[in-house]
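Engineer: File upload_30.csv follows (CSV, C-alpha atoms and all ligand atoms):
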chain,number,residue,atom,x,y,z
A,1,MET,CA,-78.9,51.9,-38.7
A,2,ALA,CA,-81.8,52.1,-36.2
A,3,PHE,CA,-84.4,49.6,-37.1
A,4,THR,CA,-88.1,50.1,-36.1
A,5,PRO,CA,-88.6,47.9,-33.0
A,6,ARG,CA,-90.7,45.0,-34.2
A,7,VAL,CA,-91.6,41.8,-32.4
A,8,PHE,CA,-92.1,38.5,-34.2
A,9,SER,CA,-92.7,35.0,-32.7
A,10,GLY,CA,-94.2,31.8,-33.8
A,11,ILE,CA,-95.6,28.5,-32.5
A,12,GLN,CA,-95.8,25.2,-34.4
A,13,PRO,CA,-99.3,23.6,-34.7
A,14,SER,CA,-97.7,20.3,-34.3
A,15,GLY,CA,-99.0,19.0,-31.0
A,16,ASP,CA,-101.4,20.1,-28.3
A,17,LEU,CA,-100.4,23.4,-26.6
A,18,HIS,CA,-99.0,22.9,-23.1
A,19,LEU,CA,-98.0,25.0,-20.1
A,20,GLY,CA,-94.4,25.5,-21.5
A,21,ASN,CA,-95.8,27.1,-24.7
A,22,TYR,CA,-98.1,29.3,-22.6
A,23,LEU,CA,-95.6,30.5,-19.9
A,24,GLY,CA,-92.5,30.5,-22.1
A,25,ALA,CA,-94.1,32.2,-25.0
A,26,ILE,CA,-97.8,33.1,-25.4
A,27,ARG,CA,-98.3,34.7,-22.0
A,28,ARG,CA,-95.2,36.8,-22.6
A,29,PHE,CA,-96.4,37.9,-26.1
A,30,VAL,CA,-99.4,39.8,-24.6
A,31,PRO,CA,-97.7,42.8,-22.8
A,32,LEU,CA,-95.4,43.4,-25.8
A,33,GLN,CA,-98.5,44.6,-27.7
A,34,ASN,CA,-98.4,47.7,-25.5
A,35,THR,CA,-94.9,48.7,-26.4
A,36,HIS,CA,-94.2,47.2,-29.8
A,37,GLU,CA,-95.6,46.5,-33.2
A,38,CYS,CA,-96.1,42.7,-32.9
A,39,ILE,CA,-96.4,39.9,-35.4
A,40,TYR,CA,-97.5,36.4,-34.1
A,41,CYS,CA,-97.5,33.6,-36.5
A,42,VAL,CA,-98.8,30.0,-36.5
A,43,VAL,CA,-95.9,28.3,-38.3
A,44,ASP,CA,-97.7,25.6,-40.2
A,45,MET,CA,-94.9,25.2,-42.7
A,46,HIS,CA,-92.5,24.4,-39.9
A,47,ALA,CA,-94.9,21.8,-38.5
A,48,ILE,CA,-94.8,19.6,-41.7
A,49,THR,CA,-91.0,19.1,-41.3
A,50,VAL,CA,-92.4,16.0,-39.4
A,51,TRP,CA,-95.5,14.2,-40.7
A,52,GLN,CA,-98.8,15.8,-39.7
A,53,GLU,CA,-102.2,14.4,-40.5
A,54,PRO,CA,-103.7,17.1,-42.7
A,55,GLU,CA,-106.9,17.3,-40.6
A,56,ASP,CA,-104.9,17.5,-37.3
A,57,LEU,CA,-102.7,20.3,-38.8
A,58,ARG,CA,-105.8,22.3,-39.7
A,59,ARG,CA,-107.4,21.8,-36.3
A,60,ARG,CA,-104.2,22.8,-34.5
A,61,THR,CA,-103.6,25.8,-36.7
A,62,TYR,CA,-107.0,27.1,-35.5
A,63,GLU,CA,-106.2,26.1,-31.9
A,64,VAL,CA,-102.9,28.0,-31.8
A,65,ALA,CA,-104.5,31.1,-33.3
A,66,ALA,CA,-107.3,30.8,-30.8
A,67,ALA,CA,-104.9,30.4,-27.9
A,68,TYR,CA,-103.1,33.6,-28.9
A,69,ILE,CA,-106.4,35.5,-28.9
A,70,ALA,CA,-107.8,33.8,-25.8
A,71,ALA,CA,-104.6,34.6,-23.9
A,72,GLY,CA,-105.1,38.3,-24.6
A,73,LEU,CA,-103.6,39.1,-28.0
A,74,ASP,CA,-105.8,41.6,-29.9
A,75,PRO,CA,-105.9,40.7,-33.6
A,76,LYS,CA,-106.5,44.4,-34.4
A,77,ARG,CA,-103.4,45.5,-32.7
A,78,SER,CA,-101.1,42.5,-33.3
A,79,ILE,CA,-100.8,40.8,-36.7
A,80,ILE,CA,-102.0,37.1,-36.2
A,81,PHE,CA,-101.8,34.7,-39.2
A,82,ASN,CA,-100.7,31.3,-40.3
A,83,GLN,CA,-97.4,31.2,-42.1
A,84,SER,CA,-98.4,29.3,-45.3
A,85,GLN,CA,-100.7,32.2,-46.3
A,86,VAL,CA,-97.7,34.5,-46.7
A,87,ILE,CA,-95.6,32.6,-49.3
A,88,GLN,CA,-92.8,35.2,-49.0
A,89,HIS,CA,-91.7,33.1,-45.9
A,90,ALA,CA,-90.8,30.2,-48.2
A,91,GLU,CA,-89.2,32.5,-50.8
A,92,LEU,CA,-86.8,34.1,-48.3
A,93,GLY,CA,-86.3,30.7,-46.6
A,94,TRP,CA,-84.9,29.4,-49.9
A,95,ILE,CA,-82.6,32.4,-50.2
A,96,PHE,CA,-81.4,31.7,-46.7
A,97,ASN,CA,-80.8,28.0,-47.5
A,98,CYS,CA,-78.3,29.4,-49.9
A,99,VAL,CA,-76.7,31.7,-47.3
A,100,ALA,CA,-76.6,29.3,-44.4
A,101,ARG,CA,-74.0,26.5,-44.3
A,102,VAL,CA,-74.6,22.8,-43.9
A,103,GLY,CA,-72.3,22.7,-40.9
A,104,TRP,CA,-74.3,25.4,-39.1
A,105,MET,CA,-77.5,23.3,-39.4
A,106,ALA,CA,-75.7,20.1,-38.4
A,107,ARG,CA,-74.8,21.7,-35.1
A,108,MET,CA,-78.4,22.5,-34.0
A,109,THR,CA,-79.2,20.5,-30.9
A,110,GLN,CA,-82.9,20.5,-31.6
A,111,PHE,CA,-82.2,18.8,-35.0
A,112,LYS,CA,-79.9,16.3,-33.3
A,113,ASP,CA,-82.6,15.6,-30.6
A,114,LYS,CA,-85.4,15.2,-33.1
A,115,ALA,CA,-83.5,13.2,-35.7
A,116,GLY,CA,-81.8,11.0,-33.1
A,117,LYS,CA,-80.0,8.1,-34.8
A,118,ASN,CA,-82.2,8.5,-37.8
A,119,THR,CA,-80.4,11.4,-39.5
A,120,GLU,CA,-80.5,9.8,-43.0
A,121,ASN,CA,-84.3,9.3,-42.9
A,122,VAL,CA,-85.7,12.6,-41.5
A,123,SER,CA,-87.0,15.2,-44.0
A,124,LEU,CA,-84.7,17.6,-45.6
A,125,GLY,CA,-87.1,20.3,-44.3
A,126,LEU,CA,-86.3,19.3,-40.7
A,127,PHE,CA,-82.6,19.9,-41.4
A,128,ALA,CA,-83.2,23.3,-43.1
A,129,TYR,CA,-85.8,24.3,-40.5
A,130,PRO,CA,-83.7,27.0,-38.8
A,131,SER,CA,-83.2,28.9,-42.1
A,132,LEU,CA,-87.0,29.1,-42.6
A,133,MET,CA,-87.2,30.3,-39.0
A,134,ALA,CA,-84.6,33.0,-39.8
A,135,ALA,CA,-86.7,33.9,-42.8
A,136,ASP,CA,-89.9,34.3,-40.6
A,137,ILE,CA,-88.1,36.8,-38.4
A,138,LEU,CA,-86.0,38.7,-40.9
A,139,LEU,CA,-88.7,39.0,-43.6
A,140,TYR,CA,-90.2,41.7,-41.3
A,141,LYS,CA,-86.7,42.9,-40.2
A,142,SER,CA,-87.9,42.0,-36.7
A,143,THR,CA,-85.7,43.2,-33.8
A,144,HIS,CA,-87.1,41.3,-30.9
A,145,VAL,CA,-88.2,37.6,-30.6
A,146,PRO,CA,-89.8,36.4,-27.4
A,147,VAL,CA,-89.3,32.6,-27.0
A,148,GLY,CA,-88.5,30.0,-24.4
A,149,GLU,CA,-84.9,29.0,-23.8
A,150,ASP,CA,-85.0,26.0,-26.1
A,151,GLN,CA,-85.0,28.4,-29.1
A,152,LYS,CA,-81.9,30.3,-28.2
A,153,GLN,CA,-79.6,28.5,-30.5
A,154,HIS,CA,-81.9,29.0,-33.5
A,155,LEU,CA,-81.9,32.7,-32.7
A,156,GLU,CA,-78.1,32.8,-32.7
A,157,LEU,CA,-78.2,31.1,-36.1
A,158,THR,CA,-80.7,33.8,-37.3
A,159,ARG,CA,-78.1,36.4,-36.3
A,160,ASP,CA,-75.4,34.5,-38.2
A,161,ILE,CA,-77.6,34.3,-41.3
A,162,ALA,CA,-78.3,38.1,-41.1
A,163,GLN,CA,-74.7,38.8,-40.7
A,164,LYS,CA,-73.6,36.6,-43.6
A,165,PHE,CA,-76.2,38.0,-45.9
A,166,ASN,CA,-75.2,41.6,-45.0
A,167,HIS,CA,-71.6,40.7,-45.6
A,168,ASP,CA,-72.0,38.6,-48.8
A,169,TYR,CA,-74.1,41.2,-50.5
A,170,ARG,CA,-72.3,44.3,-49.1
A,171,LYS,CA,-71.1,45.6,-52.6
A,172,ARG,CA,-74.6,45.2,-54.0
A,173,LEU,CA,-76.2,46.9,-51.0
A,174,LYS,CA,-73.8,49.8,-51.5
A,175,VAL,CA,-74.6,50.1,-55.3
A,176,LEU,CA,-78.3,50.0,-54.6
A,177,GLY,CA,-78.0,52.6,-51.8
A,178,PHE,CA,-79.2,50.4,-49.0
A,179,ASP,CA,-77.7,50.5,-45.5
A,180,GLU,CA,-74.8,48.1,-45.1
A,181,GLU,CA,-76.7,46.5,-42.2
A,182,TYR,CA,-79.7,45.4,-44.3
A,183,PHE,CA,-81.0,42.9,-41.9
A,184,PRO,CA,-81.0,43.6,-38.1
A,185,LEU,CA,-79.2,41.4,-35.6
A,186,THR,CA,-82.3,40.2,-33.8
A,187,GLU,CA,-82.4,40.1,-30.0
A,188,PRO,CA,-83.9,37.1,-28.4
A,189,VAL,CA,-86.2,38.0,-25.5
A,190,ILE,CA,-85.9,35.1,-23.1
A,191,ALA,CA,-87.1,36.4,-19.8
A,192,GLY,CA,-89.2,35.7,-16.7
A,193,PRO,CA,-89.3,32.8,-14.3
A,194,ALA,CA,-90.6,30.1,-16.7
A,195,THR,CA,-88.3,30.2,-19.8
A,196,ARG,CA,-87.9,26.5,-19.4
A,197,VAL,CA,-90.9,24.7,-17.9
A,198,MET,CA,-89.9,21.2,-16.9
A,199,SER,CA,-91.8,17.9,-17.0
A,200,LEU,CA,-94.2,17.3,-14.1
A,201,ARG,CA,-92.7,13.8,-13.7
A,202,ASP,CA,-89.0,14.6,-14.0
A,203,GLY,CA,-87.6,18.0,-13.2
A,204,THR,CA,-84.5,17.5,-15.3
A,205,LYS,CA,-86.5,17.0,-18.5
A,206,LYS,CA,-88.1,19.8,-20.5
A,207,MET,CA,-91.9,19.8,-20.8
A,208,SER,CA,-92.3,18.9,-24.4
A,209,LYS,CA,-95.0,18.1,-27.0
A,210,SER,CA,-93.1,14.9,-27.8
A,211,ASP,CA,-93.3,13.5,-24.2
A,212,THR,CA,-95.3,10.3,-24.3
A,213,SER,CA,-96.6,10.5,-20.8
A,214,ASP,CA,-99.7,12.7,-20.5
A,215,MET,CA,-99.1,13.2,-16.8
A,216,SER,CA,-95.9,15.0,-17.4
A,217,LEU,CA,-97.6,17.8,-19.4
A,218,LEU,CA,-100.3,20.3,-18.5
A,219,TYR,CA,-102.2,21.1,-21.7
A,220,MET,CA,-103.9,24.5,-22.2
A,221,MET,CA,-107.1,22.7,-22.9
A,222,ASP,CA,-107.1,20.4,-19.9
A,223,ASP,CA,-110.2,20.7,-17.7
A,224,ALA,CA,-110.0,21.8,-14.1
A,225,ASP,CA,-110.1,18.2,-12.7
A,226,THR,CA,-107.3,17.1,-14.9
A,227,ILE,CA,-105.1,20.2,-14.1
A,228,SER,CA,-105.6,19.5,-10.3
A,229,LYS,CA,-104.9,15.8,-10.7
A,230,LYS,CA,-101.7,16.4,-12.7
A,231,LEU,CA,-100.3,19.0,-10.3
A,232,ARG,CA,-101.2,17.0,-7.2
A,233,LYS,CA,-99.4,14.0,-8.6
A,234,ALA,CA,-96.4,16.0,-9.8
A,235,THR,CA,-93.1,14.4,-8.7
A,236,THR,CA,-91.5,16.3,-5.8
A,237,ASP,CA,-88.9,15.6,-3.1
A,238,PRO,CA,-90.2,15.3,0.5
A,239,ALA,CA,-88.7,18.5,1.9
A,240,PRO,CA,-90.8,21.6,2.6
A,241,LEU,CA,-90.4,24.8,0.5
A,242,PRO,CA,-87.2,26.7,1.4
A,243,GLU,CA,-87.1,30.4,2.5
A,244,ALA,CA,-84.9,31.6,-0.4
A,245,VAL,CA,-84.3,30.8,-4.0
A,246,LYS,CA,-80.9,29.4,-3.1
A,247,GLY,CA,-82.6,26.6,-1.2
A,248,LEU,CA,-84.1,25.3,-4.5
A,249,GLU,CA,-80.7,24.4,-5.8
A,250,GLY,CA,-80.4,20.7,-6.5
A,251,ARG,CA,-84.2,20.4,-6.2
A,252,PRO,CA,-85.3,20.6,-9.8
A,253,GLU,CA,-88.9,19.5,-9.3
A,254,ALA,CA,-89.5,22.0,-6.4
A,255,ALA,CA,-87.8,24.7,-8.5
A,256,ASN,CA,-90.1,23.9,-11.4
A,257,LEU,CA,-93.3,24.1,-9.4
A,258,VAL,CA,-92.2,27.4,-7.8
A,259,ALA,CA,-91.3,28.8,-11.2
A,260,ILE,CA,-94.7,27.8,-12.6
A,261,TYR,CA,-96.5,29.4,-9.6
A,262,ALA,CA,-94.4,32.6,-10.1
A,263,ALA,CA,-95.1,32.8,-13.8
A,264,LEU,CA,-98.8,32.2,-13.4
A,265,SER,CA,-99.1,34.9,-10.8
A,266,ASP,CA,-96.6,37.4,-12.3
A,267,LYS,CA,-94.4,37.2,-9.2
A,268,SER,CA,-90.8,36.3,-8.8
A,269,PRO,CA,-89.8,32.9,-7.3
A,270,ALA,CA,-88.4,34.9,-4.3
A,271,GLU,CA,-91.9,36.4,-3.7
A,272,VAL,CA,-93.5,33.0,-4.0
A,273,LEU,CA,-91.1,31.6,-1.4
A,274,ALA,CA,-91.7,34.6,0.9
A,275,GLN,CA,-95.3,33.5,0.9
A,276,TYR,CA,-94.8,29.7,1.2
A,277,ALA,CA,-91.5,29.3,3.1
A,278,GLY,CA,-91.8,26.1,5.3
A,279,ALA,CA,-95.0,25.0,3.6
A,280,GLY,CA,-95.3,21.3,2.7
A,281,TRP,CA,-96.5,20.0,-0.7
A,282,GLY,CA,-99.9,19.3,0.9
A,283,ILE,CA,-100.4,23.1,1.1
A,284,PHE,CA,-98.4,24.3,-2.0
A,285,LYS,CA,-99.8,21.8,-4.6
A,286,PRO,CA,-103.5,22.6,-4.0
A,287,ALA,CA,-102.7,26.3,-4.0
A,288,LEU,CA,-100.8,25.9,-7.3
A,289,ALA,CA,-103.7,23.8,-8.7
A,290,ASP,CA,-106.2,26.5,-7.8
A,291,LEU,CA,-104.0,29.2,-9.4
A,292,ALA,CA,-103.5,27.2,-12.6
A,293,VAL,CA,-107.2,26.5,-12.9
A,294,SER,CA,-108.1,30.2,-12.4
A,295,VAL,CA,-105.7,31.3,-15.1
A,296,LEU,CA,-106.0,28.5,-17.6
A,297,GLY,CA,-109.7,27.7,-17.2
A,298,PRO,CA,-111.0,30.9,-18.8
A,299,ILE,CA,-108.4,30.8,-21.6
A,300,ALA,CA,-109.4,27.2,-22.5
A,301,ALA,CA,-113.1,28.2,-22.5
A,302,GLU,CA,-112.4,31.1,-24.8
A,303,MET,CA,-110.3,28.8,-27.0
A,304,ARG,CA,-113.2,26.4,-27.3
A,305,ARG,CA,-115.5,29.2,-28.3
A,306,LEU,CA,-113.2,30.6,-30.9
A,307,VAL,CA,-112.3,27.3,-32.6
A,308,GLY,CA,-116.1,26.6,-32.8
A,309,ASP,CA,-116.4,29.8,-34.9
A,310,ARG,CA,-114.4,28.9,-38.0
A,311,ALA,CA,-115.8,31.8,-40.1
A,312,GLU,CA,-114.5,34.3,-37.5
A,313,MET,CA,-111.2,32.5,-37.2
A,314,ASP,CA,-110.8,32.4,-41.0
A,315,ARG,CA,-111.6,36.1,-41.2
A,316,ILE,CA,-109.0,36.9,-38.5
A,317,LEU,CA,-106.3,34.8,-40.1
A,318,ARG,CA,-107.0,36.2,-43.6
A,319,ASP,CA,-106.9,39.8,-42.3
A,320,GLY,CA,-103.6,39.1,-40.4
A,321,ALA,CA,-102.1,37.4,-43.5
A,322,ASP,CA,-103.0,40.4,-45.7
A,323,ARG,CA,-101.3,42.8,-43.3
A,324,ALA,CA,-98.3,40.6,-43.0
A,325,ARG,CA,-98.0,40.1,-46.8
A,326,THR,CA,-98.0,43.8,-47.3
A,327,LEU,CA,-95.0,44.2,-45.0
A,328,ALA,CA,-93.3,41.1,-46.3
A,329,GLU,CA,-93.7,42.0,-50.0
A,330,ALA,CA,-92.2,45.5,-49.5
A,331,ASN,CA,-89.0,43.9,-48.1
A,332,MET,CA,-89.0,41.0,-50.6
A,333,LYS,CA,-89.0,43.5,-53.5
A,334,GLU,CA,-85.8,44.9,-52.2
A,335,ILE,CA,-84.3,41.5,-51.4
A,336,ARG,CA,-85.0,40.1,-54.9
A,337,GLN,CA,-83.2,43.2,-56.3
A,338,ILE,CA,-80.3,42.7,-53.9
A,339,VAL,CA,-79.8,39.1,-54.8
A,340,GLY,CA,-80.1,39.9,-58.5
A,341,PHE,CA,-83.3,38.2,-59.5
A,342,VAL,CA,-84.9,39.6,-62.7
A,343,ARG,CA,-88.6,40.6,-62.4
B,401,LIG,P1,-92.4,25.5,-30.6
B,401,LIG,O1,-93.6,25.4,-31.4
B,401,LIG,O2,-91.7,24.2,-30.2
B,401,LIG,O3,-92.7,26.2,-29.2
B,401,LIG,C1,-93.4,27.4,-29.2
B,401,LIG,C2,-92.8,28.3,-28.1
B,401,LIG,O4,-93.0,27.7,-26.8
B,401,LIG,C3,-91.7,27.7,-26.1
B,401,LIG,N1,-91.6,26.5,-25.3
B,401,LIG,C4,-91.3,26.5,-24.0
B,401,LIG,N2,-91.0,27.5,-23.2
B,401,LIG,C5,-90.7,27.2,-21.9
B,401,LIG,N3,-90.7,25.9,-21.4
B,401,LIG,C6,-91.0,24.8,-22.2
B,401,LIG,N4,-91.0,23.6,-21.8
B,401,LIG,C7,-91.3,25.1,-23.6
B,401,LIG,N5,-91.6,24.3,-24.7
B,401,LIG,C8,-91.8,25.2,-25.7
B,401,LIG,C9,-90.7,27.7,-27.2
B,401,LIG,O5,-89.4,28.2,-26.8
B,401,LIG,C10,-91.3,28.6,-28.2
B,401,LIG,O6,-91.1,30.0,-27.9
B,401,LIG,N6,-88.9,27.0,-33.8
B,401,LIG,C11,-90.1,27.4,-33.0
B,401,LIG,C12,-91.2,28.0,-33.8
B,401,LIG,C13,-90.8,29.2,-34.7
B,401,LIG,C14,-90.4,30.5,-34.3
B,401,LIG,C15,-90.2,31.2,-35.5
B,401,LIG,C16,-90.3,31.1,-33.1
B,401,LIG,C17,-90.7,29.1,-36.1
B,401,LIG,N7,-90.4,30.3,-36.5
B,401,LIG,C18,-89.8,32.5,-35.5
B,401,LIG,C19,-89.9,32.4,-33.0
B,401,LIG,C20,-89.6,33.1,-34.2
B,401,LIG,C21,-90.6,26.2,-32.3
B,401,LIG,O7,-90.4,25.1,-32.7
B,401,LIG,O8,-91.4,26.5,-31.2
Please go through the file and, once you have read it, give me the structure as structure tokens.

Structural biologist:
Amino acid sequence: MAFTPRVFSGIQPSGDLHLGNYLGAIRRFVPLQNTHECIYCVVDMHAITVWQEPEDLRRRTYEVAAAYIAAGLDPKRSIIFNQSQVIQHAELGWIFNCVARVGWMARMTQFKDKAGKNTENVSLGLFAYPSLMAADILLYKSTHVPVGEDQKQHLELTRDIAQKFNHDYRKRLKVLGFDEEYFPLTEPVIAGPATRVMSLRDGTKKMSKSDTSDMSLLYMMDDADTISKKLRKATTDPAPLPEAVKGLEGRPEAANLVAIYAALSDKSPAEVLAQYAGAGWGIFKPALADLAVSVLGPIAAEMRRLVGDRAEMDRILRDGADRARTLAEANMKEIRQIVGFVR
């Protein structure tokens, strides 16, 4: 069956937003509004899989929503809301907990990284996290999910859950007259030069909210001086920039800064190198800092303005949640029937 193309993505309000979130996700959400029906969620229920101070959770929920809008998402065209306002996410998440297998969850590298040696003591929610993520996506029968590379495995699992649900309930789907492919097999959209932005201190480590060194991350709310300082101090090797992308092989820090420049300027790494071949870091880093400040500065200013207007943010999130709930409930009515729940 042909599904209506629909984009869904989400970001956890669990730490301050950084350049990886912006380049790997938010910036790429914006142009999709021109071609697709889009739903962008602040996944607060995912965030509490690890402890969140309630006041921080609230502040960051507004911040993520503000970042969406400040980066160019239009709340009239795209649906923007926070997950916990649409309780159908939890309802379908439970059903998927009963479709997914424990072994599938245990293989998730993100769970293994987050839990470390502490697997007995992390929350049950952290373990089941990917089935709630599958519910976020499939609740709307979403066909495309723009994310950074670190989410690839979760999206493969989403496809496995969709496939198993379609298979387990195939007789019931037939009896009720639904298509045998009830849920779509969602396509990950992992594209562009910055699908994996690396730490500014170590080009082999992903830029991540959980990094303890502030100098390794550029935050979306950093001021111009801080952005310049962090980029000037970014770890690099001594060689100048090469002429071609092949010359970045084995130079993870150089490759990362070129990728960041490319993503911030909507160019390819090859185009950036055509401009800067042979340049030393004394030239490239200040140019990158200027570019980053010119792109991130206005977004941070708009984020500050928006988070200061709680009434307006509440209105936007409530309106988005109402629209999302209408879509979600129409599908949930069918899903309850398919599963055999009495209503
Ligand atoms: P989260 O909140 O960790 O990250 C949000 C988005 O930012 C991307 N990202 C990066 N991209 C490039 N380089 C990096 N260093 C980098 N760090 C983070 C992530 O890939 C993601 O796209 N499980 C998700 C949230 C989620 C979700 C969903 C996403 C819940 N439900 C449904 C899509 C669809 C997460 O933890 O993202």

Engineer: Report the closest atom pair, with its distance in Å rounded to one decimal, for each residue of chain A that has an atom no farther than 8 Å from ligand LIG 401 (chain B); count all atoms listed in the file, sort by chain and then rising residue number, and write it as a tab-separated table.

Structural biologist:
residue	atom	partner	partner_atom	distance
A:Phe8	CA	B:LIG401	C20	6.0
A:Ser9	CA	B:LIG401	C19	3.8
A:Gly10	CA	B:LIG401	C16	4.0
A:Ile11	CA	B:LIG401	O1	3.8
A:Gln12	CA	B:LIG401	O1	3.7
A:Pro13	CA	B:LIG401	O1	6.8
A:Ser14	CA	B:LIG401	O1	7.2
A:His18	CA	B:LIG401	N5	7.7
A:Leu19	CA	B:LIG401	C6	7.3
A:Gly20	CA	B:LIG401	C6	3.5
A:Asn21	CA	B:LIG401	O4	3.6
A:Tyr22	CA	B:LIG401	O4	6.8
A:Leu23	CA	B:LIG401	C5	6.2
A:Gly24	CA	B:LIG401	N2	3.5
A:Ala25	CA	B:LIG401	O6	4.7
A:Ile26	CA	B:LIG401	O4	7.4
A:Cys41	CA	B:LIG401	C15	7.7
A:Val43	CA	B:LIG401	C17	5.7
A:His46	CA	B:LIG401	C17	6.3
A:Tyr129	CA	B:LIG401	N6	7.9
A:Pro130	CA	B:LIG401	N6	7.2
A:Leu132	CA	B:LIG401	N7	7.1
A:Met133	CA	B:LIG401	N7	4.1
A:Ala134	CA	B:LIG401	C18	6.8
A:Asp136	CA	B:LIG401	C18	5.4
A:Ile137	CA	B:LIG401	C18	5.5
A:Val145	CA	B:LIG401	C20	5.9
A:Pro146	CA	B:LIG401	O6	6.5
A:Val147	CA	B:LIG401	O6	3.3
A:Gly148	CA	B:LIG401	O5	3.1
A:Glu149	CA	B:LIG401	O5	5.5
A:Asp150	CA	B:LIG401	O5	5.0
A:Gln151	CA	B:LIG401	O5	5.0
A:Lys152	CA	B:LIG401	O5	7.9
A:His154	CA	B:LIG401	N6	7.3
A:Leu155	CA	B:LIG401	C20	7.9
A:Ala194	CA	B:LIG401	C5	6.0
A:Thr195	CA	B:LIG401	C5	4.4
A:Arg196	CA	B:LIG401	N3	3.5
A:Val197	CA	B:LIG401	N3	3.7
A:Met198	CA	B:LIG401	N4	5.6
A:Ser199	CA	B:LIG401	N4	7.5
A:Lys206	CA	B:LIG401	N4	5.0
A:Met207	CA	B:LIG401	N4	4.0
A:Ser208	CA	B:LIG401	N5	5.5
A:Lys209	CA	B:LIG401	N5	7.4

Engineer: Mind checking which residues fall within 10 Å of Tyr140 of chain A, counting all atoms listed in the file, ignoring those fewer than 5 positions away in the same chain, and posting them as a PyMOL selection string?

Structural biologist: chain A and resi 6-8+39+89+135+183-184+324-325+327-332

Engineer: Between atom CA of Leu157 of chain A and atom CA of Glu181 of chain A, what is the spacing in Å?

Structural biologist: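 Between these atoms lies a distance of 16.6 Å.
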
Engineer: Skipping near chain neighbours, those fewer than 4 positions away, what residues fall within 10 Å of Gly203 of chain A using all atoms listed in the file, listed as a PyMOL selection string?

Structural biologist: chain A and resi 197-199+207+216+234-236+251-257

Engineer: Using only C-alpha atoms, find each residue of segment 82-111 of chain A with at least one atom at most 12 Å away from an atom of segment 60-65 of chain A; report its shortest atom-to-atom pair and that distance in Å (one decimal), sort the rows by chain and rising residue number, and return the result as a Markdown table.

Structural biologist:
| residue | atom | partner | partner_atom | distance |
| --- | --- | --- | --- | --- |
| A:Asn82 | CA | A:Thr61 | CA | 7.2 |
| A:Gln83 | CA | A:Thr61 | CA | 9.8 |
| A:Ser84 | CA | A:Thr61 | CA | 10.6 |
| A:Gln85 | CA | A:Thr61 | CA | 11.9 |

Engineer: Write out as a PyMOL selection string each polymer residue whose atoms come within 9 Å of segment 334-340 of chain A, counting all atoms listed in the file; drop sequence neighbours fewer than 6 positions from it.

Structural biologist: chain A and resi 92+95+169+172-173+176

Engineer: By how many Å are atom CA of Leu288 of chain A and atom CA of Lys267 of chain A apart?

Structural biologist: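 Atom CA of Leu288 of chain A sits 13.1 Å away from atom CA of Lys267 of chain A.
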